$ cat structure_10.cif   # mmCIF, N, CA and C atoms
data_work
#
loop_
_atom_site.label_atom_id
_atom_site.label_comp_id
_atom_site.auth_asym_id
_atom_site.auth_seq_id
_atom_site.Cartn_x
_atom_site.Cartn_y
_atom_site.Cartn_z
N MET A 197 37.32 176.94 246.32
CA MET A 197 36.86 176.21 247.48
C MET A 197 36.39 174.84 247.05
N ARG A 198 36.58 173.85 247.88
CA ARG A 198 36.34 172.45 247.52
C ARG A 198 34.89 172.10 247.36
N GLY A 199 34.05 172.31 248.16
CA GLY A 199 32.68 171.85 248.07
C GLY A 199 32.15 171.64 249.46
N GLY A 200 32.60 172.50 250.38
CA GLY A 200 32.10 172.42 251.73
C GLY A 200 32.60 171.21 252.47
N LYS A 201 31.77 170.77 253.38
CA LYS A 201 32.12 169.63 254.26
C LYS A 201 32.39 168.37 253.47
N HIS A 202 31.63 168.10 252.43
CA HIS A 202 31.80 166.88 251.63
C HIS A 202 33.19 166.85 250.98
N GLY A 203 33.64 167.98 250.48
CA GLY A 203 34.97 168.06 249.87
C GLY A 203 36.07 167.78 250.87
N MET A 204 35.91 168.27 252.09
CA MET A 204 36.90 168.01 253.13
C MET A 204 36.89 166.54 253.52
N ASP A 205 35.70 165.95 253.60
CA ASP A 205 35.60 164.52 253.92
C ASP A 205 36.31 163.69 252.86
N MET A 206 36.15 164.04 251.61
CA MET A 206 36.80 163.31 250.53
C MET A 206 38.31 163.48 250.60
N ASP A 207 38.76 164.67 250.95
CA ASP A 207 40.20 164.91 251.10
C ASP A 207 40.76 164.05 252.23
N LYS A 208 40.05 163.99 253.35
CA LYS A 208 40.50 163.17 254.48
C LYS A 208 40.53 161.69 254.09
N ARG A 209 39.50 161.27 253.39
CA ARG A 209 39.44 159.86 252.97
C ARG A 209 40.59 159.53 252.03
N ARG A 210 40.85 160.39 251.05
CA ARG A 210 41.93 160.17 250.09
C ARG A 210 43.28 160.13 250.81
N ARG A 211 43.48 161.05 251.74
CA ARG A 211 44.73 161.09 252.50
C ARG A 211 44.88 159.81 253.33
N PHE A 212 43.78 159.36 253.97
CA PHE A 212 43.82 158.12 254.75
C PHE A 212 44.16 156.93 253.86
N GLU A 213 43.53 156.85 252.68
CA GLU A 213 43.81 155.74 251.76
C GLU A 213 45.27 155.75 251.31
N GLU A 214 45.79 156.93 251.00
CA GLU A 214 47.19 157.03 250.57
C GLU A 214 48.14 156.61 251.69
N GLU A 215 47.86 157.07 252.92
CA GLU A 215 48.73 156.73 254.05
C GLU A 215 48.62 155.23 254.36
N SER A 216 47.42 154.68 254.29
CA SER A 216 47.23 153.25 254.56
C SER A 216 47.96 152.41 253.52
N THR A 217 47.82 152.78 252.25
CA THR A 217 48.50 152.06 251.18
C THR A 217 50.01 152.10 251.38
N GLU A 218 50.53 153.26 251.69
CA GLU A 218 51.97 153.41 251.91
C GLU A 218 52.42 152.54 253.07
N HIS A 219 51.66 152.53 254.15
CA HIS A 219 52.01 151.71 255.31
C HIS A 219 52.03 150.23 254.95
N LEU A 220 51.01 149.77 254.22
CA LEU A 220 50.95 148.36 253.82
C LEU A 220 52.14 148.01 252.91
N ARG A 221 52.50 148.92 252.02
CA ARG A 221 53.66 148.67 251.16
C ARG A 221 54.94 148.57 251.98
N GLU A 222 55.10 149.47 252.95
CA GLU A 222 56.29 149.44 253.80
C GLU A 222 56.38 148.13 254.58
N GLU A 223 55.25 147.62 255.00
CA GLU A 223 55.21 146.37 255.76
C GLU A 223 55.32 145.15 254.85
N GLY A 224 55.25 145.36 253.55
CA GLY A 224 55.37 144.27 252.59
C GLY A 224 54.13 143.40 252.47
N VAL A 225 52.98 143.94 252.83
CA VAL A 225 51.74 143.15 252.80
C VAL A 225 50.65 143.77 251.91
N TYR A 226 51.04 144.75 251.12
CA TYR A 226 50.04 145.44 250.30
C TYR A 226 49.30 144.48 249.37
N TRP A 227 50.04 143.65 248.65
CA TRP A 227 49.40 142.79 247.65
C TRP A 227 48.49 141.75 248.31
N GLU A 228 48.89 141.24 249.46
CA GLU A 228 48.04 140.30 250.19
C GLU A 228 46.77 140.99 250.66
N ALA A 229 46.89 142.21 251.14
CA ALA A 229 45.72 142.97 251.59
C ALA A 229 44.80 143.28 250.42
N GLU A 230 45.37 143.63 249.29
CA GLU A 230 44.57 143.92 248.09
C GLU A 230 43.84 142.68 247.62
N ALA A 231 44.52 141.53 247.62
CA ALA A 231 43.88 140.26 247.22
C ALA A 231 42.75 139.92 248.19
N ALA A 232 42.97 140.13 249.47
CA ALA A 232 41.94 139.83 250.47
C ALA A 232 40.72 140.73 250.26
N ARG A 233 40.96 141.99 249.95
CA ARG A 233 39.84 142.92 249.70
C ARG A 233 39.04 142.49 248.48
N LEU A 234 39.75 142.10 247.42
CA LEU A 234 39.06 141.64 246.21
C LEU A 234 38.27 140.37 246.47
N LYS A 235 38.85 139.43 247.20
CA LYS A 235 38.15 138.17 247.47
C LYS A 235 36.92 138.41 248.33
N GLN A 236 37.01 139.33 249.27
CA GLN A 236 35.84 139.65 250.09
C GLN A 236 34.72 140.20 249.20
N THR A 237 35.06 141.06 248.27
CA THR A 237 34.07 141.61 247.34
C THR A 237 33.43 140.50 246.51
N ILE A 238 34.25 139.57 246.03
CA ILE A 238 33.76 138.45 245.23
C ILE A 238 32.83 137.57 246.06
N ALA A 239 33.25 137.23 247.27
CA ALA A 239 32.44 136.36 248.14
C ALA A 239 31.10 136.99 248.45
N VAL A 240 31.09 138.27 248.75
CA VAL A 240 29.83 138.98 249.05
C VAL A 240 28.92 138.98 247.83
N ALA A 241 29.48 139.24 246.65
CA ALA A 241 28.67 139.27 245.42
C ALA A 241 28.08 137.90 245.12
N LEU A 242 28.87 136.85 245.29
CA LEU A 242 28.35 135.50 245.05
C LEU A 242 27.26 135.15 246.06
N MET A 243 27.49 135.44 247.33
CA MET A 243 26.48 135.14 248.35
C MET A 243 25.19 135.92 248.10
N ARG A 244 25.30 137.15 247.65
CA ARG A 244 24.11 137.94 247.33
C ARG A 244 23.29 137.25 246.23
N GLN A 245 23.98 136.75 245.21
CA GLN A 245 23.28 136.06 244.12
C GLN A 245 22.64 134.75 244.61
N ILE A 246 23.35 134.03 245.46
CA ILE A 246 22.81 132.78 246.02
C ILE A 246 21.55 133.07 246.81
N GLU A 247 21.59 134.09 247.66
CA GLU A 247 20.44 134.45 248.50
C GLU A 247 19.28 134.94 247.65
N GLN A 248 19.55 135.75 246.64
CA GLN A 248 18.48 136.26 245.77
C GLN A 248 17.75 135.14 245.04
N ARG A 249 18.48 134.06 244.75
CA ARG A 249 17.88 132.94 244.05
C ARG A 249 17.31 131.90 245.00
N GLY A 250 17.52 132.09 246.29
CA GLY A 250 17.01 131.16 247.28
C GLY A 250 17.63 129.77 247.16
N LEU A 251 18.87 129.72 246.70
CA LEU A 251 19.55 128.44 246.51
C LEU A 251 20.16 127.94 247.81
N ALA A 252 20.07 126.65 248.02
CA ALA A 252 20.82 126.03 249.11
C ALA A 252 22.24 125.79 248.60
N LEU A 253 23.21 125.91 249.50
CA LEU A 253 24.60 125.71 249.09
C LEU A 253 24.83 124.30 248.57
N THR A 254 24.12 123.33 249.11
CA THR A 254 24.27 121.96 248.61
C THR A 254 23.77 121.85 247.17
N GLU A 255 22.72 122.58 246.83
CA GLU A 255 22.22 122.60 245.45
C GLU A 255 23.25 123.19 244.50
N LEU A 256 23.83 124.31 244.91
CA LEU A 256 24.83 124.97 244.07
C LEU A 256 26.06 124.08 243.91
N ALA A 257 26.50 123.47 244.99
CA ALA A 257 27.66 122.57 244.91
C ALA A 257 27.38 121.44 243.94
N ALA A 258 26.18 120.87 244.01
CA ALA A 258 25.81 119.77 243.11
C ALA A 258 25.80 120.25 241.66
N SER A 259 25.28 121.44 241.41
CA SER A 259 25.23 121.94 240.03
C SER A 259 26.63 122.23 239.49
N LEU A 260 27.57 122.49 240.39
CA LEU A 260 28.97 122.71 239.99
C LEU A 260 29.74 121.40 239.91
N GLY A 261 29.13 120.34 240.39
CA GLY A 261 29.82 119.05 240.41
C GLY A 261 30.96 119.03 241.41
N THR A 262 30.76 119.72 242.53
CA THR A 262 31.81 119.80 243.55
C THR A 262 31.21 119.53 244.92
N SER A 263 32.05 119.51 245.92
CA SER A 263 31.58 119.26 247.28
C SER A 263 31.16 120.57 247.95
N ARG A 264 30.41 120.43 249.00
CA ARG A 264 30.01 121.60 249.79
C ARG A 264 31.26 122.24 250.40
N ALA A 265 32.24 121.44 250.81
CA ALA A 265 33.48 121.99 251.38
C ALA A 265 34.22 122.83 250.35
N ALA A 266 34.26 122.36 249.10
CA ALA A 266 34.93 123.14 248.04
C ALA A 266 34.18 124.45 247.80
N LEU A 267 32.85 124.39 247.81
CA LEU A 267 32.05 125.61 247.64
C LEU A 267 32.30 126.57 248.79
N ASN A 268 32.41 126.06 250.00
CA ASN A 268 32.71 126.91 251.14
C ASN A 268 34.03 127.65 250.96
N ARG A 269 35.03 127.00 250.36
CA ARG A 269 36.31 127.66 250.10
C ARG A 269 36.14 128.78 249.07
N ILE A 270 35.29 128.53 248.07
CA ILE A 270 35.02 129.57 247.06
C ILE A 270 34.37 130.78 247.71
N LEU A 271 33.47 130.54 248.65
CA LEU A 271 32.72 131.62 249.29
C LEU A 271 33.41 132.22 250.51
N ASP A 272 34.53 131.64 250.92
CA ASP A 272 35.26 132.13 252.08
C ASP A 272 35.98 133.42 251.72
N PRO A 273 35.58 134.54 252.34
CA PRO A 273 36.21 135.82 251.99
C PRO A 273 37.70 135.87 252.29
N ALA A 274 38.17 135.02 253.19
CA ALA A 274 39.59 135.05 253.57
C ALA A 274 40.45 134.15 252.69
N ASN A 275 39.83 133.29 251.90
CA ASN A 275 40.58 132.36 251.05
C ASN A 275 40.77 132.99 249.68
N THR A 276 41.98 133.47 249.42
CA THR A 276 42.24 134.18 248.16
C THR A 276 42.65 133.25 247.03
N SER A 277 42.69 131.96 247.27
CA SER A 277 43.10 131.00 246.24
C SER A 277 41.89 130.55 245.43
N ILE A 278 41.51 131.37 244.47
CA ILE A 278 40.40 131.03 243.59
C ILE A 278 40.87 131.30 242.16
N THR A 279 40.62 130.35 241.29
CA THR A 279 41.02 130.55 239.89
C THR A 279 39.92 131.28 239.14
N LEU A 280 40.30 131.88 238.04
CA LEU A 280 39.29 132.54 237.21
C LEU A 280 38.29 131.53 236.66
N THR A 281 38.76 130.34 236.37
CA THR A 281 37.86 129.29 235.88
C THR A 281 36.81 128.96 236.93
N THR A 282 37.25 128.77 238.16
CA THR A 282 36.30 128.47 239.25
C THR A 282 35.33 129.61 239.44
N LEU A 283 35.82 130.82 239.41
CA LEU A 283 34.96 131.99 239.59
C LEU A 283 33.93 132.09 238.48
N THR A 284 34.36 131.92 237.23
CA THR A 284 33.41 132.05 236.11
C THR A 284 32.41 130.90 236.10
N ARG A 285 32.84 129.69 236.46
CA ARG A 285 31.91 128.54 236.54
C ARG A 285 30.86 128.76 237.63
N THR A 286 31.30 129.29 238.77
CA THR A 286 30.37 129.54 239.88
C THR A 286 29.37 130.62 239.49
N ALA A 287 29.86 131.68 238.89
CA ALA A 287 28.96 132.75 238.44
C ALA A 287 27.97 132.22 237.41
N ALA A 288 28.44 131.41 236.47
CA ALA A 288 27.55 130.86 235.44
C ALA A 288 26.48 129.97 236.06
N ALA A 289 26.84 129.20 237.09
CA ALA A 289 25.86 128.35 237.76
C ALA A 289 24.78 129.18 238.44
N LEU A 290 25.08 130.45 238.69
CA LEU A 290 24.11 131.36 239.28
C LEU A 290 23.41 132.21 238.22
N GLY A 291 23.68 131.91 236.94
CA GLY A 291 23.07 132.69 235.86
C GLY A 291 23.72 134.04 235.66
N CYS A 292 24.97 134.16 236.09
CA CYS A 292 25.68 135.43 236.01
C CYS A 292 26.96 135.26 235.20
N LYS A 293 27.61 136.37 234.93
CA LYS A 293 28.93 136.33 234.34
C LYS A 293 29.83 137.29 235.10
N VAL A 294 31.11 137.09 234.99
CA VAL A 294 32.08 137.91 235.70
C VAL A 294 32.53 139.04 234.80
N LYS A 295 32.59 140.22 235.37
CA LYS A 295 33.10 141.38 234.65
C LYS A 295 34.30 141.89 235.45
N LEU A 296 35.46 141.89 234.83
CA LEU A 296 36.69 142.32 235.48
C LEU A 296 37.11 143.65 234.86
N GLU A 297 37.51 144.56 235.70
CA GLU A 297 37.93 145.87 235.23
C GLU A 297 39.26 146.22 235.85
N ILE A 298 40.22 146.60 235.05
CA ILE A 298 41.51 147.05 235.55
C ILE A 298 41.56 148.56 235.37
N VAL A 299 41.81 149.25 236.45
CA VAL A 299 41.76 150.72 236.42
C VAL A 299 43.06 151.31 236.96
N VAL A 300 43.30 152.54 236.59
CA VAL A 300 44.43 153.29 237.11
C VAL A 300 44.00 153.84 238.47
N PRO A 301 44.82 153.63 239.52
CA PRO A 301 44.41 154.13 240.83
C PRO A 301 44.35 155.64 240.85
N ARG A 302 43.58 156.14 241.80
CA ARG A 302 43.44 157.60 241.95
C ARG A 302 44.70 158.21 242.44
#
$ encode --input "structure_10.cif" --output "structure tokens"
Amino acid sequence: MRGGKHGMDMDKRRRFEEESTEHLREEGVYWEAEAARLKQTIAVALMRQIEQRGLALTELAASLGTSRAALNRILDPANTSITLTTLTRTAAALGCKVKLEIVVPR
């Protein structure tokens, strides 16, 4: 037996993820959706660090030597065009570093 209700919920979730992934692949948009999900995670993590430090976006932009508009593009969850250099520089300006992990999907 799986583990009661929690085990069934996990089975439903896994089945939903598999079906969703398959649908996105069939539609030819899987990689775009995956990039968008990753960028949203990055944007949320950066904003969390900015808020925890009480930084104004203009201050952060100045410390990066860039414009507020450029910083807005970095923080835009829908804008997937971010280089690793830009990401690591932004994280460093917040006193952080980037940790990237490549994993085998479930």
$ resolve_selection --input "structure_10.cif" --expression "the PyMOL selection byres ((chain A and resi 234-238) around 6.5)" --output "PyMOL selection string"
chain A and resi 229-233+239-243+272-276
$ closest_residue --input "structure_10.cif" --among "A:Ala257, A:Val225, A:Ile278, A:Ala266" --to "Leu290 of chain A" --atoms "only C-alpha atoms"
A:Ala257
$ atom_distance --input "structure_10.cif" --atom1 "atom CA of Thr279 of chain A" --atom2 "atom CA of Leu260 of chain A"
14.4 Å
$ atom_distance --input "structure_10.cif" --atom1 "atom CA of Ile270 of chain A" --atom2 "atom CA of Ile246 of chain A"
12.7 Å
$ atom_distance --input "structure_10.cif" --atom1 "atom C of Arg269 of chain A" --atom2 "atom C of Thr282 of chain A"
9.7 Å
$ residues_near_point --input "structure_10.cif" --point "(33.3, 123.4, 238.3)" --cutoff "8 Å" --atoms "only C-alpha atoms" --output "list in words"
Leu260, Gly261, Thr262, Thr281, Thr282, Arg285 and Thr286 of chain A
$ decode --input "structure_10.cif" --residues "segment 260-283 of chain A" --atoms "N, CA and C atoms" --output "mmCIF file, in the first residue's frame"
data_model
loop_
_atom_site.group_PDB
_atom_site.id
_atom_site.type_symbol
_atom_site.label_atom_id
_atom_site.label_comp_id
_atom_site.auth_asym_id
_atom_site.auth_seq_id
_atom_site.Cartn_x
_atom_site.Cartn_y
_atom_site.Cartn_z
ATOM 1 N N LEU A 260 25.220 47.823 -9.953
ATOM 2 C CA LEU A 260 25.525 46.965 -11.104
ATOM 3 C C LEU A 260 26.061 47.771 -12.280
ATOM 4 N N GLY A 261 25.971 49.086 -12.174
ATOM 5 C CA GLY A 261 26.403 49.936 -13.277
ATOM 6 C C GLY A 261 25.478 49.829 -14.467
ATOM 7 N N THR A 262 24.189 49.669 -14.197
ATOM 8 C CA THR A 262 23.205 49.520 -15.268
ATOM 9 C C THR A 262 22.008 50.416 -14.997
ATOM 10 N N SER A 263 21.086 50.430 -15.919
ATOM 11 C CA SER A 263 19.894 51.258 -15.761
ATOM 12 C C SER A 263 18.811 50.504 -14.991
ATOM 13 N N ARG A 264 17.868 51.250 -14.496
ATOM 14 C CA ARG A 264 16.720 50.647 -13.812
ATOM 15 C C ARG A 264 15.929 49.794 -14.810
ATOM 16 N N ALA A 265 15.826 50.235 -16.063
ATOM 17 C CA ALA A 265 15.106 49.465 -17.092
ATOM 18 C C ALA A 265 15.785 48.115 -17.326
ATOM 19 N N ALA A 266 17.115 48.112 -17.363
ATOM 20 C CA ALA A 266 17.844 46.846 -17.545
ATOM 21 C C ALA A 266 17.620 45.926 -16.348
ATOM 22 N N LEU A 267 17.619 46.498 -15.145
ATOM 23 C CA LEU A 267 17.362 45.698 -13.941
ATOM 24 C C LEU A 267 15.946 45.136 -13.984
ATOM 25 N N ASN A 268 14.994 45.919 -14.440
ATOM 26 C CA ASN A 268 13.620 45.426 -14.558
ATOM 27 C C ASN A 268 13.544 44.217 -15.481
ATOM 28 N N ARG A 269 14.330 44.207 -16.557
ATOM 29 C CA ARG A 269 14.348 43.050 -17.464
ATOM 30 C C ARG A 269 14.933 41.823 -16.758
ATOM 31 N N ILE A 270 15.953 42.048 -15.930
ATOM 32 C CA ILE A 270 16.543 40.935 -15.162
ATOM 33 C C ILE A 270 15.506 40.342 -14.219
ATOM 34 N N LEU A 271 14.705 41.201 -13.604
ATOM 35 C CA LEU A 271 13.729 40.765 -12.604
ATOM 36 C C LEU A 271 12.380 40.367 -13.193
ATOM 37 N N ASP A 272 12.202 40.561 -14.491
ATOM 38 C CA ASP A 272 10.942 40.228 -15.147
ATOM 39 C C ASP A 272 10.832 38.712 -15.291
ATOM 40 N N PRO A 273 9.869 38.099 -14.600
ATOM 41 C CA PRO A 273 9.760 36.637 -14.668
ATOM 42 C C PRO A 273 9.460 36.112 -16.066
ATOM 43 N N ALA A 274 8.913 36.944 -16.926
ATOM 44 C CA ALA A 274 8.549 36.497 -18.279
ATOM 45 C C ALA A 274 9.689 36.661 -19.277
ATOM 46 N N ASN A 275 10.727 37.391 -18.911
ATOM 47 C CA ASN A 275 11.847 37.638 -19.822
ATOM 48 C C ASN A 275 12.917 36.579 -19.583
ATOM 49 N N THR A 276 13.001 35.612 -20.490
ATOM 50 C CA THR A 276 13.934 34.493 -20.294
ATOM 51 C C THR A 276 15.319 34.776 -20.860
ATOM 52 N N SER A 277 15.534 35.958 -21.401
ATOM 53 C CA SER A 277 16.841 36.301 -21.981
ATOM 54 C C SER A 277 17.749 36.899 -20.917
ATOM 55 N N ILE A 278 18.362 36.041 -20.140
ATOM 56 C CA ILE A 278 19.305 36.480 -19.118
ATOM 57 C C ILE A 278 20.555 35.614 -19.257
ATOM 58 N N THR A 279 21.703 36.252 -19.252
ATOM 59 C CA THR A 279 22.941 35.481 -19.362
ATOM 60 C C THR A 279 23.387 35.032 -17.980
ATOM 61 N N LEU A 280 24.217 34.026 -17.956
ATOM 62 C CA LEU A 280 24.767 33.574 -16.676
ATOM 63 C C LEU A 280 25.632 34.663 -16.043
ATOM 64 N N THR A 281 26.313 35.419 -16.871
ATOM 65 C CA THR A 281 27.137 36.517 -16.355
ATOM 66 C C THR A 281 26.260 37.547 -15.653
ATOM 67 N N THR A 282 25.169 37.932 -16.289
ATOM 68 C CA THR A 282 24.255 38.905 -15.673
ATOM 69 C C THR A 282 23.669 38.356 -14.389
ATOM 70 N N LEU A 283 23.284 37.112 -14.405
ATOM 71 C CA LEU A 283 22.711 36.489 -13.214
ATOM 72 C C LEU A 283 23.718 36.450 -12.072
#
